[in-house]
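File shown: run00.cif (mmCIF, C-alpha atoms).
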data_input
#
loop_
_atom_site.label_atom_id
_atom_site.label_comp_id
_atom_site.auth_asym_id
_atom_site.auth_seq_id
_atom_site.Cartn_x
_atom_site.Cartn_y
_atom_site.Cartn_z
CA MET A 7 3.42 50.90 -40.09
CA THR A 8 5.13 48.81 -42.71
CA THR A 9 3.67 46.68 -45.48
CA VAL A 10 4.09 42.94 -45.42
CA ARG A 11 7.14 41.84 -47.44
CA ARG A 12 6.60 38.57 -49.25
CA SER A 13 9.81 37.98 -51.20
CA ALA A 14 12.89 35.92 -50.42
CA LEU A 15 11.37 33.30 -48.10
CA TRP A 16 11.79 30.68 -50.83
CA ARG A 17 15.51 31.54 -50.79
CA ASP A 18 15.83 31.77 -47.00
CA ALA A 19 17.74 28.61 -46.01
CA GLY A 20 16.96 28.99 -42.30
CA PHE A 21 13.23 29.31 -42.84
CA LEU A 22 13.15 26.46 -45.36
CA LYS A 23 14.81 24.13 -42.84
CA LEU A 24 12.38 25.21 -40.11
CA TRP A 25 9.47 24.74 -42.51
CA ALA A 26 10.68 21.28 -43.52
CA ALA A 27 11.16 20.30 -39.87
CA GLN A 28 7.67 21.54 -38.97
CA THR A 29 6.19 19.64 -41.93
CA VAL A 30 7.83 16.35 -40.92
CA SER A 31 6.82 16.91 -37.29
CA ALA A 32 3.20 17.78 -38.20
CA PHE A 33 2.72 14.60 -40.22
CA GLY A 34 4.39 12.65 -37.42
CA ASP A 35 1.92 14.12 -34.93
CA GLN A 36 -0.99 12.95 -37.08
CA VAL A 37 0.46 9.44 -37.10
CA THR A 38 0.72 9.46 -33.29
CA ILE A 39 -2.82 10.79 -32.87
CA LEU A 40 -4.22 7.79 -34.76
CA ALA A 41 -1.62 5.08 -34.11
CA LEU A 42 -1.70 5.20 -30.29
CA PRO A 43 -5.51 4.80 -30.00
CA LEU A 44 -5.48 2.06 -32.65
CA LEU A 45 -2.70 0.29 -30.78
CA ALA A 46 -4.72 0.57 -27.56
CA VAL A 47 -7.86 -0.83 -29.24
CA THR A 48 -6.40 -3.55 -31.45
CA THR A 49 -3.58 -4.83 -29.26
CA LEU A 50 -4.66 -4.04 -25.70
CA GLU A 51 -8.47 -4.15 -26.20
CA ALA A 52 -8.82 -0.90 -24.26
CA SER A 53 -12.22 0.08 -22.85
CA ALA A 54 -14.00 3.39 -23.53
CA GLY A 55 -12.85 4.71 -20.16
CA GLN A 56 -9.25 3.82 -20.88
CA MET A 57 -9.48 5.51 -24.28
CA GLY A 58 -10.76 8.65 -22.58
CA VAL A 59 -7.85 8.61 -20.14
CA LEU A 60 -5.40 8.14 -23.04
CA ARG A 61 -6.84 11.17 -24.87
CA ALA A 62 -6.67 13.24 -21.68
CA ALA A 63 -3.07 12.17 -21.12
CA GLU A 64 -2.10 13.50 -24.56
CA THR A 65 -3.91 16.85 -24.24
CA ALA A 66 -3.70 17.79 -20.54
CA PRO A 67 -0.01 18.93 -20.43
CA ILE A 68 -0.79 22.36 -21.93
CA LEU A 69 -2.83 23.24 -18.83
CA VAL A 70 -0.25 21.81 -16.42
CA VAL A 71 3.08 22.93 -17.87
CA GLY A 72 2.16 25.62 -20.41
CA LEU A 73 3.12 28.62 -18.26
CA PHE A 74 6.29 26.92 -16.97
CA ALA A 75 7.29 26.20 -20.56
CA GLY A 76 7.00 29.87 -21.43
CA VAL A 77 9.35 30.85 -18.58
CA TRP A 78 12.06 28.35 -19.53
CA ILE A 79 11.83 29.23 -23.21
CA ASP A 80 12.53 32.88 -22.33
CA ARG A 81 15.44 31.85 -20.10
CA LEU A 82 17.20 29.71 -22.73
CA ARG A 83 17.98 29.79 -26.43
CA ARG A 84 15.10 28.29 -28.36
CA ARG A 85 16.85 26.18 -31.01
CA PRO A 86 18.35 23.73 -28.46
CA ILE A 87 14.90 23.37 -26.86
CA LEU A 88 13.38 22.47 -30.23
CA ILE A 89 16.07 19.87 -30.91
CA ALA A 90 15.82 18.38 -27.40
CA ALA A 91 12.00 18.18 -27.63
CA ASP A 92 12.21 16.38 -30.98
CA LEU A 93 14.83 13.88 -29.84
CA GLY A 94 13.04 13.34 -26.51
CA ARG A 95 9.79 12.50 -28.28
CA ALA A 96 11.62 10.08 -30.56
CA VAL A 97 13.13 8.21 -27.59
CA LEU A 98 9.79 8.05 -25.76
CA LEU A 99 7.95 6.69 -28.80
CA LEU A 100 10.63 4.02 -29.32
CA ALA A 101 9.55 2.52 -25.99
CA ILE A 102 6.20 1.49 -27.49
CA PRO A 103 7.36 -0.80 -30.34
CA ALA A 104 10.11 -2.13 -28.05
CA ALA A 105 7.51 -3.10 -25.43
CA ALA A 106 5.24 -4.60 -28.09
CA TRP A 107 8.02 -6.76 -29.50
CA LEU A 108 9.01 -7.90 -25.99
CA ASP A 109 5.32 -8.66 -25.30
CA VAL A 110 5.23 -6.38 -22.23
CA LEU A 111 3.07 -3.57 -23.66
CA ARG A 112 0.44 -2.27 -21.24
CA ILE A 113 -2.07 0.58 -21.36
CA GLU A 114 -0.22 2.26 -18.47
CA LEU A 115 2.84 2.64 -20.71
CA LEU A 116 0.72 4.39 -23.33
CA TYR A 117 -0.54 6.78 -20.61
CA VAL A 118 3.01 7.62 -19.53
CA VAL A 119 4.26 8.05 -23.09
CA GLY A 120 1.20 10.15 -23.95
CA ILE A 121 1.77 12.51 -21.01
CA LEU A 122 5.51 12.89 -21.62
CA VAL A 123 5.22 13.29 -25.40
CA GLY A 124 2.41 15.81 -24.85
CA THR A 125 4.62 17.74 -22.40
CA LEU A 126 7.53 17.90 -24.86
CA THR A 127 5.10 18.94 -27.59
CA VAL A 128 4.05 21.92 -25.46
CA PHE A 129 7.71 22.99 -25.15
CA PHE A 130 8.27 22.41 -28.87
CA GLU A 131 5.23 24.39 -30.02
CA VAL A 132 5.80 27.37 -27.71
CA ALA A 133 9.51 27.44 -28.62
CA ARG A 134 8.75 27.17 -32.34
CA GLN A 135 6.23 30.00 -32.19
CA SER A 136 8.89 32.15 -30.52
CA TYR A 137 11.78 30.95 -32.71
CA VAL A 138 10.05 32.01 -35.95
CA THR A 139 10.89 35.65 -35.14
CA THR A 140 14.59 34.71 -34.98
CA VAL A 141 14.59 33.06 -38.40
CA VAL A 142 12.20 35.48 -40.16
CA GLU A 143 12.13 39.27 -39.90
CA ARG A 144 8.88 40.58 -38.51
CA GLY A 145 7.77 42.22 -41.75
CA ARG A 146 7.46 38.74 -43.31
CA LEU A 147 5.75 36.96 -40.42
CA VAL A 148 2.35 36.69 -42.12
CA ASP A 149 3.92 35.08 -45.19
CA ALA A 150 6.04 32.72 -43.05
CA ASN A 151 3.16 31.69 -40.79
CA SER A 152 0.93 31.18 -43.85
CA LYS A 153 3.42 28.69 -45.30
CA LEU A 154 3.73 26.91 -41.97
CA GLN A 155 -0.06 26.77 -41.71
CA VAL A 156 -0.42 25.24 -45.19
CA THR A 157 1.60 22.20 -44.16
CA ASN A 158 -0.23 21.99 -40.82
CA SER A 159 -3.54 21.97 -42.69
CA ALA A 160 -2.27 19.46 -45.25
CA SER A 161 -1.19 17.13 -42.46
CA GLU A 162 -4.67 17.32 -40.90
CA VAL A 163 -6.37 16.59 -44.25
CA VAL A 164 -4.22 13.69 -45.49
CA GLY A 165 -2.28 12.69 -42.35
CA PRO A 166 -4.99 10.47 -40.79
CA GLY A 167 -5.44 8.62 -44.08
CA ILE A 168 -1.68 7.99 -44.36
CA ALA A 169 -1.54 6.93 -40.72
CA GLY A 170 -4.47 4.56 -41.16
CA ALA A 171 -2.89 2.97 -44.24
CA LEU A 172 0.45 2.55 -42.43
CA VAL A 173 -1.23 0.91 -39.44
CA GLN A 174 -3.17 -1.44 -41.71
CA ILE A 175 -0.13 -2.39 -43.83
CA LEU A 176 2.71 -2.33 -41.29
CA GLY A 177 0.94 -2.61 -37.95
CA ALA A 178 0.71 -0.03 -35.16
CA PRO A 179 4.15 -0.71 -33.55
CA ILE A 180 6.05 -0.20 -36.85
CA THR A 181 3.97 2.92 -37.54
CA VAL A 182 4.93 4.38 -34.16
CA LEU A 183 8.56 3.54 -34.97
CA LEU A 184 8.29 5.57 -38.20
CA ASP A 185 6.80 8.42 -36.17
CA ALA A 186 9.83 8.34 -33.86
CA ALA A 187 12.07 8.54 -36.93
CA SER A 188 10.16 11.62 -38.13
CA PHE A 189 11.09 13.48 -34.95
CA VAL A 190 14.76 12.58 -35.45
CA VAL A 191 14.58 14.06 -38.96
CA SER A 192 12.88 17.19 -37.63
CA GLY A 193 15.54 17.66 -34.95
CA ALA A 194 18.34 17.18 -37.50
CA LEU A 195 16.85 19.83 -39.80
CA ILE A 196 16.52 22.35 -36.97
CA GLY A 197 20.09 21.56 -35.93
CA ARG A 198 21.26 22.74 -39.37
CA ILE A 199 19.66 26.19 -39.06
CA ARG A 200 22.38 28.82 -38.82
CA SER A 201 20.29 31.93 -38.04
CA ALA A 202 21.96 33.87 -35.24
CA GLU A 203 19.92 33.70 -32.04
CA SER A 204 20.52 36.40 -29.47
CA ALA A 205 21.30 35.50 -25.87
CA PRO A 206 18.29 35.38 -23.51
CA ALA A 207 17.53 38.56 -21.62
CA THR A 208 19.14 38.94 -18.20
CA ARG A 209 16.75 38.08 -15.40
CA PRO A 210 15.98 40.91 -12.94
CA PRO A 211 17.50 40.53 -9.44
CA GLY A 212 15.23 38.53 -7.13
CA SER A 213 13.22 37.12 -10.01
CA ASN A 214 11.90 33.56 -9.77
CA ILE A 215 9.76 31.32 -11.92
CA TRP A 216 6.49 32.50 -10.34
CA HIS A 217 7.34 36.17 -10.90
CA GLU A 218 8.21 35.43 -14.52
CA MET A 219 5.00 33.47 -15.09
CA ARG A 220 2.97 36.36 -13.69
CA ALA A 221 4.90 38.79 -15.89
CA GLY A 222 3.80 36.89 -19.00
CA LEU A 223 0.16 36.83 -17.88
CA ARG A 224 0.27 40.52 -16.89
CA HIS A 225 1.63 41.46 -20.29
CA VAL A 226 -1.30 39.70 -21.98
CA VAL A 227 -3.87 41.30 -19.65
CA HIS A 228 -2.47 44.84 -19.86
CA ASP A 229 -1.75 44.97 -23.60
CA PRO A 230 -5.03 45.97 -25.33
CA ILE A 231 -4.28 44.03 -28.52
CA LEU A 232 -3.12 40.82 -26.83
CA ARG A 233 -6.03 41.02 -24.38
CA THR A 234 -8.45 41.39 -27.31
CA LEU A 235 -6.99 38.49 -29.27
CA ALA A 236 -6.98 36.24 -26.20
CA GLY A 237 -10.60 37.12 -25.43
CA ALA A 238 -11.82 36.78 -29.02
CA THR A 239 -10.06 33.49 -29.72
CA GLY A 240 -10.73 31.99 -26.29
CA SER A 241 -14.45 32.79 -26.34
CA GLY A 242 -14.66 31.50 -29.90
CA ASN A 243 -13.09 28.24 -28.77
CA ILE A 244 -15.66 27.83 -26.00
CA PHE A 245 -18.63 27.99 -28.37
CA GLU A 246 -16.94 26.15 -31.24
CA ASN A 247 -16.03 23.22 -28.99
CA ALA A 248 -19.48 23.17 -27.42
CA ARG A 249 -20.75 22.43 -30.93
CA TYR A 250 -18.00 19.99 -31.90
CA ALA A 251 -18.45 18.00 -28.69
CA VAL A 252 -21.89 16.85 -29.88
CA LEU A 253 -21.73 17.47 -33.65
CA VAL A 254 -21.23 13.82 -34.63
CA LEU A 255 -24.04 12.79 -32.26
CA PHE A 256 -26.26 15.56 -33.71
CA MET A 257 -25.63 14.35 -37.27
CA SER A 258 -26.14 10.71 -36.34
CA ASP A 259 -29.12 10.88 -33.95
CA ASP A 260 -31.01 14.05 -34.88
CA LEU A 261 -30.34 14.06 -38.63
CA GLY A 262 -29.99 10.29 -39.13
CA LEU A 263 -26.87 10.60 -41.31
CA LYS A 264 -24.89 7.49 -42.19
CA PRO A 265 -21.16 7.25 -41.31
CA GLY A 266 -20.15 7.96 -44.92
CA ALA A 267 -22.12 11.19 -45.00
CA ILE A 268 -20.73 12.23 -41.61
CA GLY A 269 -17.18 11.65 -42.88
CA LEU A 270 -17.93 13.74 -45.99
CA VAL A 271 -19.24 16.60 -43.87
CA LEU A 272 -16.30 16.60 -41.45
CA GLY A 273 -13.83 16.46 -44.34
CA ALA A 274 -15.27 19.72 -45.69
CA GLY A 275 -13.99 21.61 -42.66
CA SER A 276 -10.43 20.36 -43.09
CA LEU A 277 -10.58 21.10 -46.82
CA GLY A 278 -11.76 24.66 -46.15
CA TYR A 279 -8.95 25.17 -43.66
CA PHE A 280 -6.42 23.87 -46.19
CA PHE A 281 -7.54 26.33 -48.89
CA GLY A 282 -7.83 29.12 -46.34
CA ALA A 283 -4.19 28.67 -45.38
CA PHE A 284 -3.25 30.29 -48.72
CA LEU A 285 -5.23 33.48 -47.94
CA PRO A 286 -3.68 35.26 -44.90
CA GLY A 287 -1.09 37.32 -46.81
CA TRP A 288 -3.55 38.25 -49.55
CA THR A 289 -6.27 39.35 -47.12
CA ALA A 290 -3.80 41.38 -45.02
CA ASN A 291 -2.40 43.17 -48.08
CA ARG A 292 -5.77 43.68 -49.76
CA PHE A 293 -7.85 44.88 -46.80
CA GLY A 294 -5.31 45.77 -44.10
CA LEU A 295 -4.28 43.49 -41.25
CA GLY A 296 -6.97 44.56 -38.77
CA ARG A 297 -9.82 44.36 -41.25
CA ALA A 298 -8.56 40.97 -42.44
CA ILE A 299 -8.74 39.65 -38.86
CA VAL A 300 -12.20 41.10 -38.22
CA GLY A 301 -13.49 40.11 -41.67
CA SER A 302 -12.32 36.53 -41.18
CA MET A 303 -14.24 36.36 -37.91
CA VAL A 304 -17.37 37.70 -39.66
CA VAL A 305 -17.17 34.89 -42.24
CA ILE A 306 -16.62 32.33 -39.45
CA TRP A 307 -19.74 33.56 -37.68
CA CYS A 308 -21.77 33.42 -40.92
CA GLY A 309 -20.76 29.79 -41.27
CA GLU A 310 -21.64 29.08 -37.65
CA LEU A 311 -25.14 30.51 -38.12
CA LEU A 312 -25.93 27.77 -40.65
CA PHE A 313 -25.63 24.84 -38.22
CA PRO A 314 -29.07 25.21 -36.56
CA PHE A 315 -30.73 25.22 -40.01
CA ALA A 316 -29.43 21.74 -40.87
CA ALA A 317 -32.63 19.68 -40.97
CA GLY A 318 -34.84 17.64 -43.26
CA PRO A 319 -33.68 14.97 -45.72
CA ASP A 320 -30.00 14.26 -46.37
CA ARG A 321 -30.01 16.21 -49.64
CA ILE A 322 -30.78 19.38 -47.67
CA ALA A 323 -29.02 18.82 -44.34
CA VAL A 324 -25.71 17.56 -45.77
CA PRO A 325 -25.09 20.55 -48.12
CA ILE A 326 -25.92 22.99 -45.31
CA LEU A 327 -23.43 21.32 -42.98
CA ILE A 328 -20.76 21.11 -45.70
CA VAL A 329 -21.09 24.83 -46.49
CA ALA A 330 -21.07 25.70 -42.77
CA LEU A 331 -17.90 23.72 -42.04
CA PHE A 332 -16.15 24.78 -45.26
CA LEU A 333 -16.82 28.48 -44.54
CA THR A 334 -15.65 28.28 -40.93
CA GLY A 335 -12.50 26.41 -41.98
CA LEU A 336 -11.80 28.74 -44.91
CA ALA A 337 -11.93 31.85 -42.71
CA ALA A 338 -10.35 30.29 -39.62
CA ALA A 339 -6.99 29.87 -41.36
CA PRO A 340 -6.46 33.56 -42.26
CA TYR A 341 -7.79 34.57 -38.84
CA ASP A 342 -5.38 32.26 -37.04
CA VAL A 343 -2.32 33.20 -39.09
CA ASN A 344 -2.92 36.96 -39.09
CA GLN A 345 -3.74 37.28 -35.40
CA PHE A 346 -0.84 35.02 -34.47
CA SER A 347 1.59 37.01 -36.64
CA LEU A 348 0.36 40.21 -34.98
CA ARG A 349 0.95 38.69 -31.54
CA GLN A 350 4.50 37.74 -32.49
CA ALA A 351 5.28 41.17 -33.91
CA ILE A 352 4.10 43.33 -31.01
CA THR A 353 5.61 41.23 -28.20
CA PRO A 354 9.17 41.99 -27.04
CA ASP A 355 11.48 39.06 -27.67
CA ALA A 356 12.53 38.88 -24.01
CA ILE A 357 9.00 37.89 -22.99
CA LEU A 358 7.78 36.22 -26.19
CA GLY A 359 7.94 32.68 -24.83
CA ARG A 360 5.88 33.53 -21.76
CA VAL A 361 3.34 35.49 -23.78
CA ASN A 362 2.97 32.66 -26.31
CA ALA A 363 2.55 30.19 -23.45
CA SER A 364 0.02 32.40 -21.63
CA MET A 365 -2.01 32.90 -24.81
CA ARG A 366 -1.86 29.17 -25.52
CA VAL A 367 -3.11 28.28 -22.03
CA VAL A 368 -6.01 30.76 -22.28
CA ILE A 369 -6.98 29.73 -25.81
CA ARG A 370 -6.51 25.97 -25.45
CA GLY A 371 -7.85 25.98 -21.91
CA ALA A 372 -11.19 27.13 -23.33
CA VAL A 373 -11.54 23.88 -25.28
CA PRO A 374 -12.56 21.54 -22.43
CA ILE A 375 -14.84 24.25 -20.98
CA GLY A 376 -16.74 24.44 -24.26
CA ALA A 377 -16.90 20.66 -24.60
CA LEU A 378 -18.37 20.30 -21.11
CA LEU A 379 -20.92 23.05 -21.80
CA GLY A 380 -21.97 21.40 -25.05
CA GLY A 381 -22.42 18.04 -23.37
CA LEU A 382 -24.41 19.54 -20.49
CA ILE A 383 -26.76 21.55 -22.73
CA GLY A 384 -27.21 18.54 -25.00
CA GLU A 385 -28.22 16.37 -22.03
CA LEU A 386 -30.58 18.94 -20.47
CA VAL A 387 -32.15 20.67 -23.49
CA GLY A 388 -31.24 18.81 -26.67
CA LEU A 389 -28.62 18.67 -29.40
CA ARG A 390 -30.15 21.32 -31.65
CA ALA A 391 -30.14 23.67 -28.68
CA VAL A 392 -26.35 23.26 -28.58
CA MET A 393 -26.16 24.28 -32.27
CA ILE A 394 -28.18 27.43 -31.52
CA PHE A 395 -26.17 28.22 -28.37
CA ALA A 396 -22.85 27.83 -30.18
CA SER A 397 -23.91 29.80 -33.25
CA PHE A 398 -25.14 32.88 -31.46
CA GLY A 399 -22.50 32.64 -28.75
CA GLY A 400 -19.88 32.99 -31.49
CA LEU A 401 -20.90 36.66 -31.76
CA SER A 402 -18.88 37.26 -28.58
CA SER A 403 -15.65 36.96 -30.58
CA LEU A 404 -16.74 39.75 -32.90
CA LEU A 405 -17.67 41.97 -29.95
CA TRP A 406 -14.17 41.54 -28.50
CA LEU A 407 -12.62 42.61 -31.81
CA TRP A 408 -15.04 45.38 -32.69
CA ARG A 409 -14.33 47.52 -29.62
CA SER A 410 -10.54 47.27 -29.81
CA PRO A 411 -7.56 48.82 -31.63
CA VAL A 412 -7.35 45.81 -33.97
CA PRO A 413 -9.67 46.95 -36.83
CA ALA A 414 -7.64 50.15 -37.36
CA MET A 415 -4.32 48.33 -37.84
CA GLN A 416 -3.10 48.40 -41.45
CA ALA A 417 -0.04 46.12 -41.26
CA ILE A 418 2.36 44.26 -39.01
CA PRO A 419 4.29 46.89 -36.99
CA LEU A 420 8.05 46.90 -37.07
CA ARG A 421 9.89 45.99 -33.87
CA GLU A 422 10.63 49.65 -33.07
CA GLU A 423 7.00 50.61 -33.70
CA ALA A 424 5.78 47.77 -31.48
#

Represent the structure contained in this file as structure tokens.
Amino acid sequence: MTTVRRSALWRDAGFLKLWAAQTVSAFGDQVTILALPLLAVTTLEASAGQMGVLRAAETAPILVVGLFAGVWIDRLRRRPILIAADLGRAVLLLAIPAAAWLDVLRIELLYVVGILVGTLTVFFEVARQSYVTTVVERGRLVDANSKLQVTNSASEVVGPGIAGALVQILGAPITVLLDAASFVVSGALIGRIRSAESAPATRPPGSNIWHEMRAGLRHVVHDPILRTLAGATGSGNIFENARYAVLVLFMSDDLGLKPGAIGLVLGAGSLGYFFGAFLPGWTANRFGLGRAIVGSMVVIWCGELLFPFAAGPDRIAVPILIVALFLTGLAAAPYDVNQFSLRQAITPDAILGRVNASMRVVIRGAVPIGALLGGLIGELVGLRAVMIFASFGGLSSLLWLWRSPVPAMQAIPLREEA
């Protein structure tokens, strides 16, 4: 095993350009997430059902095209895919302000743009996750992914506020136009990266897209570390999203919190995640990679156990919820970065795109399952029952990790060790 090397990334021109592109793209994504619904509500007077369809259109592509994306990303060089995805999203978003100015904007156009932009985002994210190992040597993956995560977290904390201000000052169509420009900037930055990217691996004779998709899934299932990380993160997502599906309703109806207090509580989670994004490298070096991953999950579970105890007057319930969300966010960032860096390091480059896509489908596919479970339990038993179910169900993630090779790992393995 090798120790994590932390130097030189600030002087690595290729990584800095990728980091800058990801930062611009992340803030652009936050603008889209808020601007499109606001456009639908303020300009088109969309109904609740139409808003639900719009949200589904933006998030469903991972389940539909995720595995296909992994195959194509392994067949082609990744930098051109990143550039094409950025420029494609820019062109699609330009259709919205154009339609608004021509007075032909309809909700159906937002559906189509949402689906297509979401599809290109799947290709971009899977390709970016795979391309990082081209720009950064594997011994520095934790440090690189930590820096990328900091800007992701920052965009989630301040991005909605910036997007809301832009919509209020400039209007939704102009805001979407600025978002399109952000993708052009991101594509231009990636186009200037000069890191040598090896040619894709030669496909075996008789191979087709279905065989290659199954190969990616088989690799995840048969590799004990990837299987563990998929199981731990996927099961965690089920219970976490069961809680989040009804958390606002729980705070409003059961606890009687006002909108301002609810906003304060929810902001604590994003703030915890932002601060936690600075911790992955330190925790991996201080405790060892495996213990850092397991320890982060322990802290997450401790935070989750607090949710059912939120009760009584606001001065008691609000601090409990703030601590619970801050703790889960603070530990989620080092868990995410360290486990993701480990996945990148141990996966052969020839299959990295398919493995990233397979992991993404398993992990993200758990989100709607958890949300449906939370809604069902809330309807049948009650909202506090969902908090209890989600808190104790989160123990399943720890059980996945505990009986695996992960806790014994000291550092990111080198390519030849992997």

Give me the range 172-250 of chain A side of the contact with range 80-101 of chain A, cut-off 7 Å, one line per residue showing its nearest atom pair and distance in Å at one decimal, counting all atoms listed in the file, sorted by chain and residue number, as a Markdown table.
| residue | atom | partner | partner_atom | distance |
| --- | --- | --- | --- | --- |
| A:Val182 | CA | A:Leu99 | CA | 6.6 |
| A:Leu183 | CA | A:Leu100 | CA | 6.0 |
| A:Ala186 | CA | A:Ala96 | CA | 4.1 |
| A:Ala187 | CA | A:Ala96 | CA | 6.6 |
| A:Phe189 | CA | A:Asp92 | CA | 5.0 |
| A:Val190 | CA | A:Leu93 | CA | 5.8 |
| A:Ser192 | CA | A:Asp92 | CA | 6.7 |
| A:Gly193 | CA | A:Ile89 | CA | 4.6 |
| A:Ile196 | CA | A:Ile89 | CA | 6.6 |
| A:Gly197 | CA | A:Ile89 | CA | 6.6 |
| A:Ala205 | CA | A:Arg83 | CA | 6.6 |
| A:Pro206 | CA | A:Arg81 | CA | 5.7 |

- Message: Show me, as a VMD selection string, the residues that have an atom within 10 Å of Gln28 in chain A when counting all atoms listed in the file, minus same-chain residues fewer than 3 positions from it.
- Response: chain A and resid 22 to 25 31 to 34 131 134 154 to 155 157 to 158 189 192 to 193 195 to 196

Keeping C-alpha atoms for every residue in the selection just given, could you write it to a file as a PDB file, keeping the file's coordinate frame?
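Saved file out.pdb follows:
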ATOM      1  CA  LEU A  22      13.150  26.460 -45.360  1.00  0.00           C
ATOM      2  CA  LYS A  23      14.810  24.130 -42.840  1.00  0.00           C
ATOM      3  CA  LEU A  24      12.380  25.210 -40.110  1.00  0.00           C
ATOM      4  CA  TRP A  25       9.470  24.740 -42.510  1.00  0.00           C
ATOM      5  CA  SER A  31       6.820  16.910 -37.290  1.00  0.00           C
ATOM      6  CA  ALA A  32       3.200  17.780 -38.200  1.00  0.00           C
ATOM      7  CA  PHE A  33       2.720  14.600 -40.220  1.00  0.00           C
ATOM      8  CA  GLY A  34       4.390  12.650 -37.420  1.00  0.00           C
ATOM      9  CA  GLU A 131       5.230  24.390 -30.020  1.00  0.00           C
ATOM     10  CA  ARG A 134       8.750  27.170 -32.340  1.00  0.00           C
ATOM     11  CA  LEU A 154       3.730  26.910 -41.970  1.00  0.00           C
ATOM     12  CA  GLN A 155      -0.060  26.770 -41.710  1.00  0.00           C
ATOM     13  CA  THR A 157       1.600  22.200 -44.160  1.00  0.00           C
ATOM     14  CA  ASN A 158      -0.230  21.990 -40.820  1.00  0.00           C
ATOM     15  CA  PHE A 189      11.090  13.480 -34.950  1.00  0.00           C
ATOM     16  CA  SER A 192      12.880  17.190 -37.630  1.00  0.00           C
ATOM     17  CA  GLY A 193      15.540  17.660 -34.950  1.00  0.00           C
ATOM     18  CA  LEU A 195      16.850  19.830 -39.800  1.00  0.00           C
ATOM     19  CA  ILE A 196      16.520  22.350 -36.970  1.00  0.00           C
TER      20      ILE A 196
END

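Across A:Pro419, A:Gly388, A:Pro103, A:Gly294, the tightest approach to Pro179 in chain A is made by A:Pro103 when counting only C-alpha atoms.
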
- Could you name the residues that touch Val254 in chain A at 10 Å or less, counting all atoms listed in the file, but leaving out those on the same chain fewer than 5 positions away, as a VMD selection string? chain A and resid 249 259 to 261 263 265 268 to 269 271 to 272

Restricting it to C-alpha atoms, dump the selection as a CSV table (one decimal), in the coordinates of the input.
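The resulting part.csv:
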chain,number,residue,atom,x,y,z
A,249,ARG,CA,-20.8,22.4,-30.9
A,259,ASP,CA,-29.1,10.9,-34.0
A,260,ASP,CA,-31.0,14.0,-34.9
A,261,LEU,CA,-30.3,14.1,-38.6
A,263,LEU,CA,-26.9,10.6,-41.3
A,265,PRO,CA,-21.2,7.2,-41.3
A,268,ILE,CA,-20.7,12.2,-41.6
A,269,GLY,CA,-17.2,11.6,-42.9
A,271,VAL,CA,-19.2,16.6,-43.9
A,272,LEU,CA,-16.3,16.6,-41.4

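The spacing separating CA of Tyr279 in chain A from CA of Asp342 in chain A amounts to 10.3 Å.
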
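Applied to this file, the PyMOL selection byres ((chain A and resi 315-319) around 10) selects Phe256, Met257, Asp260, Leu261, Gly262, Leu263, Leu311, Leu312, Phe313, Pro314, Asp320, Arg321, Ile322, Ala323, Val324, Pro325, Ile326, Leu327, Ile328, Ala330, Arg390, Met393 and Ile394 of chain A.
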
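This file gives the following result for the PyMOL selection byres ((chain A and resi 122) around 10): Ala63, Glu64, Pro67, Gly94, Arg95, Leu98, Leu99, Leu116, Tyr117, Val118, Val119, Gly120, Ile121, Val123, Gly124, Thr125, Leu126, Thr127 and Val128 of chain A.
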
- Item | Polymer residues at most 12 Å from Ala372 in chain A, all atoms listed in the file, same-chain spacing of 2 or more positions, as number ranges by chain | A: 68-69, 236-248, 365-370, 374-379

- Around the point (11.1, 32.0, -35.3) in the file's coordinates, collect all residues with an atom within 10 Å, using all atoms listed in the file, and return them as number ranges by chain. A: 20-21, 24, 84-85, 133-144, 147, 150-151, 201, 203, 350

Could you turn the residues from that selection into a file that holds C-alpha atoms, as a tab-separated table (two decimals), in the coordinates of the input?
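Ended up saving to selection.tsv:
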chain	number	residue	atom	x	y	z
A	20	GLY	CA	16.96	28.99	-42.30
A	21	PHE	CA	13.23	29.31	-42.84
A	24	LEU	CA	12.38	25.21	-40.11
A	84	ARG	CA	15.10	28.29	-28.36
A	85	ARG	CA	16.85	26.18	-31.01
A	133	ALA	CA	9.51	27.44	-28.62
A	134	ARG	CA	8.75	27.17	-32.34
A	135	GLN	CA	6.23	30.00	-32.19
A	136	SER	CA	8.89	32.15	-30.52
A	137	TYR	CA	11.78	30.95	-32.71
A	138	VAL	CA	10.05	32.01	-35.95
A	139	THR	CA	10.89	35.65	-35.14
A	140	THR	CA	14.59	34.71	-34.98
A	141	VAL	CA	14.59	33.06	-38.40
A	142	VAL	CA	12.20	35.48	-40.16
A	143	GLU	CA	12.13	39.27	-39.90
A	144	ARG	CA	8.88	40.58	-38.51
A	147	LEU	CA	5.75	36.96	-40.42
A	150	ALA	CA	6.04	32.72	-43.05
A	151	ASN	CA	3.16	31.69	-40.79
A	201	SER	CA	20.29	31.93	-38.04
A	203	GLU	CA	19.92	33.70	-32.04
A	350	GLN	CA	4.50	37.74	-32.49

- Task: One decimal, Å: what's the distance from CA of Lys153 in chain A over to CA of Gly76 in chain A, could you say?
- Result: 24.2 Å

- Message: Need the shell around Met219 in chain A: protein/DNA/RNA residues with any atom at most 7 Å away, counting only C-alpha atoms. Skip same-chain ones fewer than 3 positions apart. Format as a list in words?
- Response: Leu73, Phe74, Val77, Ile215, Trp216, Gly222, Leu223 and Arg360 of chain A

- Query: For the atom pair CA of Leu115 in chain A and CA of Leu45 in chain A, what is the interatomic distance in Å to one decimal place?
  - Reply: 11.7 Å

- Query: Given the file above and the PyMOL selection byres ((chain A and resi 296) around 8), which residues are selected, and can you give them as a list in words?
  - Reply: Ala290, Gly294, Leu295, Arg297, Ala298, Ile299, Val300, Val412, Pro413, Ala414, Met415, Gln416 and Ala417 of chain A
